[in-house]
Amino acid sequence: MAISRTPADEVKIEFPCDNYSLRIVGRKTDDYSAWVIACVKGLAPDLQAEKVEVIDSRNGSFQSVRLTICAQSEAHLKTIHNALMASGKVQMVI
């Protein structure tokens with residue numbers, strides 16, 4: 001059975017949105033987490049380094065950088081997503 005969604009089912013985000021969480025996953029390299037943090041901080045200067053969490057995958061091949069920003073708009077989030085994905089370093093932004 002397929003589940004159909006209506007516009008009323010969609011979660012609405014009110015902007016600006018303090019404490020918007022992002023999880024950025026990519027192949028683990030020596031500079032991956034530092035690069036992700038610098039990239040996001042360039043687009044969201046309010047990023048607080050003490051709220052960043054870096055987690056290695058079970059086998060150590062991937063790394064997840066979890067952080068919180070103040071999302072200004074849907075366009076702001078899209079800009080961050082596009083910049084991260086265009087790098088070729090990032091596999092997924094959640």
# chains A, B, ... in the order shown; residues from 1 in each chain; ligands from 1
$ select_by_dssp --residues "chain A" --states "helix (DSSP H, G or I)" --output "ChimeraX atom specification"
/A:7-9,32-43,49-51,74-86
$ residues_around --residues "range 15-19 of chain A" --least-positions-apart "2" --cutoff "12 Å" --atoms "only C-alpha atoms" --output "PyMOL selection string"
chain A and resi 12-13+21-22+44+46-48+51-52+66-77
$ atom_distance --atom1 "CA of Val65 in chain A" --atom2 "CA of Gly26 in chain A"
8.7 Å
$ residues_around --residues "Phe62 in chain A" --least-positions-apart "2" --cutoff "9 Å" --atoms "only C-alpha atoms" --output "PyMOL selection string"
chain A and resi 25-29+55-60+64
$ write_last_selection --atoms "N, CA and C atoms" --output "PDB file, in the first residue's frame"
ATOM      1  N   VAL A  25      28.105  13.603   5.782  1.00  0.00           N
ATOM      2  CA  VAL A  25      28.830  12.342   5.739  1.00  0.00           C
ATOM      3  C   VAL A  25      29.721  12.291   4.502  1.00  0.00           C
ATOM      4  N   GLY A  26      30.963  11.843   4.705  1.00  0.00           N
ATOM      5  CA  GLY A  26      31.893  11.689   3.595  1.00  0.00           C
ATOM      6  C   GLY A  26      32.986  10.708   3.936  1.00  0.00           C
ATOM      7  N   ARG A  27      33.829  10.425   2.950  1.00  0.00           N
ATOM      8  CA  ARG A  27      34.977   9.538   3.176  1.00  0.00           C
ATOM      9  C   ARG A  27      35.933  10.180   4.173  1.00  0.00           C
ATOM     10  N   LYS A  28      36.385   9.400   5.125  1.00  0.00           N
ATOM     11  CA  LYS A  28      37.289   9.904   6.158  1.00  0.00           C
ATOM     12  C   LYS A  28      38.677  10.156   5.557  1.00  0.00           C
ATOM     13  N   THR A  29      39.148  11.377   5.730  1.00  0.00           N
ATOM     14  CA  THR A  29      40.520  11.744   5.384  1.00  0.00           C
ATOM     15  C   THR A  29      41.069  12.550   6.560  1.00  0.00           C
ATOM     16  N   ILE A  55      31.957  11.807  14.151  1.00  0.00           N
ATOM     17  CA  ILE A  55      31.792  10.389  14.455  1.00  0.00           C
ATOM     18  C   ILE A  55      32.305   9.571  13.274  1.00  0.00           C
ATOM     19  N   ASP A  56      33.188   8.627  13.561  1.00  0.00           N
ATOM     20  CA  ASP A  56      33.689   7.714  12.535  1.00  0.00           C
ATOM     21  C   ASP A  56      32.712   6.561  12.359  1.00  0.00           C
ATOM     22  N   SER A  57      32.651   6.030  11.133  1.00  0.00           N
ATOM     23  CA  SER A  57      31.825   4.858  10.878  1.00  0.00           C
ATOM     24  C   SER A  57      32.444   3.637  11.570  1.00  0.00           C
ATOM     25  N   ARG A  58      31.695   2.586  11.653  1.00  0.00           N
ATOM     26  CA  ARG A  58      32.165   1.382  12.328  1.00  0.00           C
ATOM     27  C   ARG A  58      33.485   0.869  11.771  1.00  0.00           C
ATOM     28  N   ASN A  59      33.609   0.894  10.430  1.00  0.00           N
ATOM     29  CA  ASN A  59      34.836   0.377   9.830  1.00  0.00           C
ATOM     30  C   ASN A  59      35.880   1.470   9.595  1.00  0.00           C
ATOM     31  N   GLY A  60      35.554   2.710   9.943  1.00  0.00           N
ATOM     32  CA  GLY A  60      36.508   3.800   9.844  1.00  0.00           C
ATOM     33  C   GLY A  60      36.678   4.401   8.467  1.00  0.00           C
ATOM     34  N   SER A  64      31.120  11.249   9.928  1.00  0.00           N
ATOM     35  CA  SER A  64      29.925  12.073   9.998  1.00  0.00           C
ATOM     36  C   SER A  64      30.232  13.288  10.865  1.00  0.00           C
TER      37      SER A  64
END
$ select_by_dssp --residues "chain A" --states "strand (DSSP E)" --output "list in words"
Cys17, Asp18, Asn19, Tyr20, Ser21, Leu22, Arg23, Ile24, Val25, Gly26, Arg27, Glu53, Val54, Ile55, Asp56, Phe62, Gln63, Ser64, Val65, Arg66, Leu67, Thr68, Ile69, Cys70, Ala71, Val90, Gln91, Met92 and Val93 of chain A
$ write_last_selection --atoms "C-alpha atoms" --output "PDB file, in the first residue's frame"
ATOM      1  CA  CYS A  17      15.616  28.609  12.590  1.00  0.00           C
ATOM      2  CA  ASP A  18      18.052  28.487  15.515  1.00  0.00           C
ATOM      3  CA  ASN A  19      19.577  25.107  16.275  1.00  0.00           C
ATOM      4  CA  TYR A  20      19.056  23.643  12.791  1.00  0.00           C
ATOM      5  CA  SER A  21      20.942  20.339  12.766  1.00  0.00           C
ATOM      6  CA  LEU A  22      22.989  19.059   9.851  1.00  0.00           C
ATOM      7  CA  ARG A  23      24.783  15.746   9.466  1.00  0.00           C
ATOM      8  CA  ILE A  24      27.418  15.722   6.736  1.00  0.00           C
ATOM      9  CA  VAL A  25      28.830  12.342   5.739  1.00  0.00           C
ATOM     10  CA  GLY A  26      31.893  11.689   3.595  1.00  0.00           C
ATOM     11  CA  ARG A  27      34.977   9.538   3.176  1.00  0.00           C
ATOM     12  CA  GLU A  53      30.421  16.286  16.844  1.00  0.00           C
ATOM     13  CA  VAL A  54      32.604  14.095  14.612  1.00  0.00           C
ATOM     14  CA  ILE A  55      31.792  10.389  14.455  1.00  0.00           C
ATOM     15  CA  ASP A  56      33.689   7.714  12.535  1.00  0.00           C
ATOM     16  CA  PHE A  62      33.465   7.319   6.593  1.00  0.00           C
ATOM     17  CA  GLN A  63      33.068  10.234   8.943  1.00  0.00           C
ATOM     18  CA  SER A  64      29.925  12.073   9.998  1.00  0.00           C
ATOM     19  CA  VAL A  65      30.147  15.697  11.073  1.00  0.00           C
ATOM     20  CA  ARG A  66      27.116  16.756  13.092  1.00  0.00           C
ATOM     21  CA  LEU A  67      26.640  20.447  13.707  1.00  0.00           C
ATOM     22  CA  THR A  68      24.050  23.086  14.436  1.00  0.00           C
ATOM     23  CA  ILE A  69      23.523  26.414  12.671  1.00  0.00           C
ATOM     24  CA  CYS A  70      20.960  29.182  12.500  1.00  0.00           C
ATOM     25  CA  ALA A  71      19.262  28.537   9.149  1.00  0.00           C
ATOM     26  CA  VAL A  90      30.667  14.800   0.752  1.00  0.00           C
ATOM     27  CA  GLN A  91      28.496  11.751   0.127  1.00  0.00           C
ATOM     28  CA  MET A  92      25.362  12.907   1.914  1.00  0.00           C
ATOM     29  CA  VAL A  93      23.892  15.899   3.790  1.00  0.00           C
TER      30      VAL A  93
END
$ atom_distance --atom1 "CA of Val40 in chain A" --atom2 "CA of Lys78 in chain A"
11.9 Å
$ atom_distance --atom1 "CA of Ala34 in chain A" --atom2 "CA of Glu14 in chain A"
29.3 Å
$ closest_residue --among "A:Lys89, A:Ala49, A:Leu43, A:His81" --to "Asp31 in chain A" --atoms "only C-alpha atoms"
A:Lys89
$ closest_residue --among "A:Pro45, A:Cys39, A:Glu50, A:Ser33" --to "Leu84 in chain A" --atoms "only C-alpha atoms"
A:Cys39
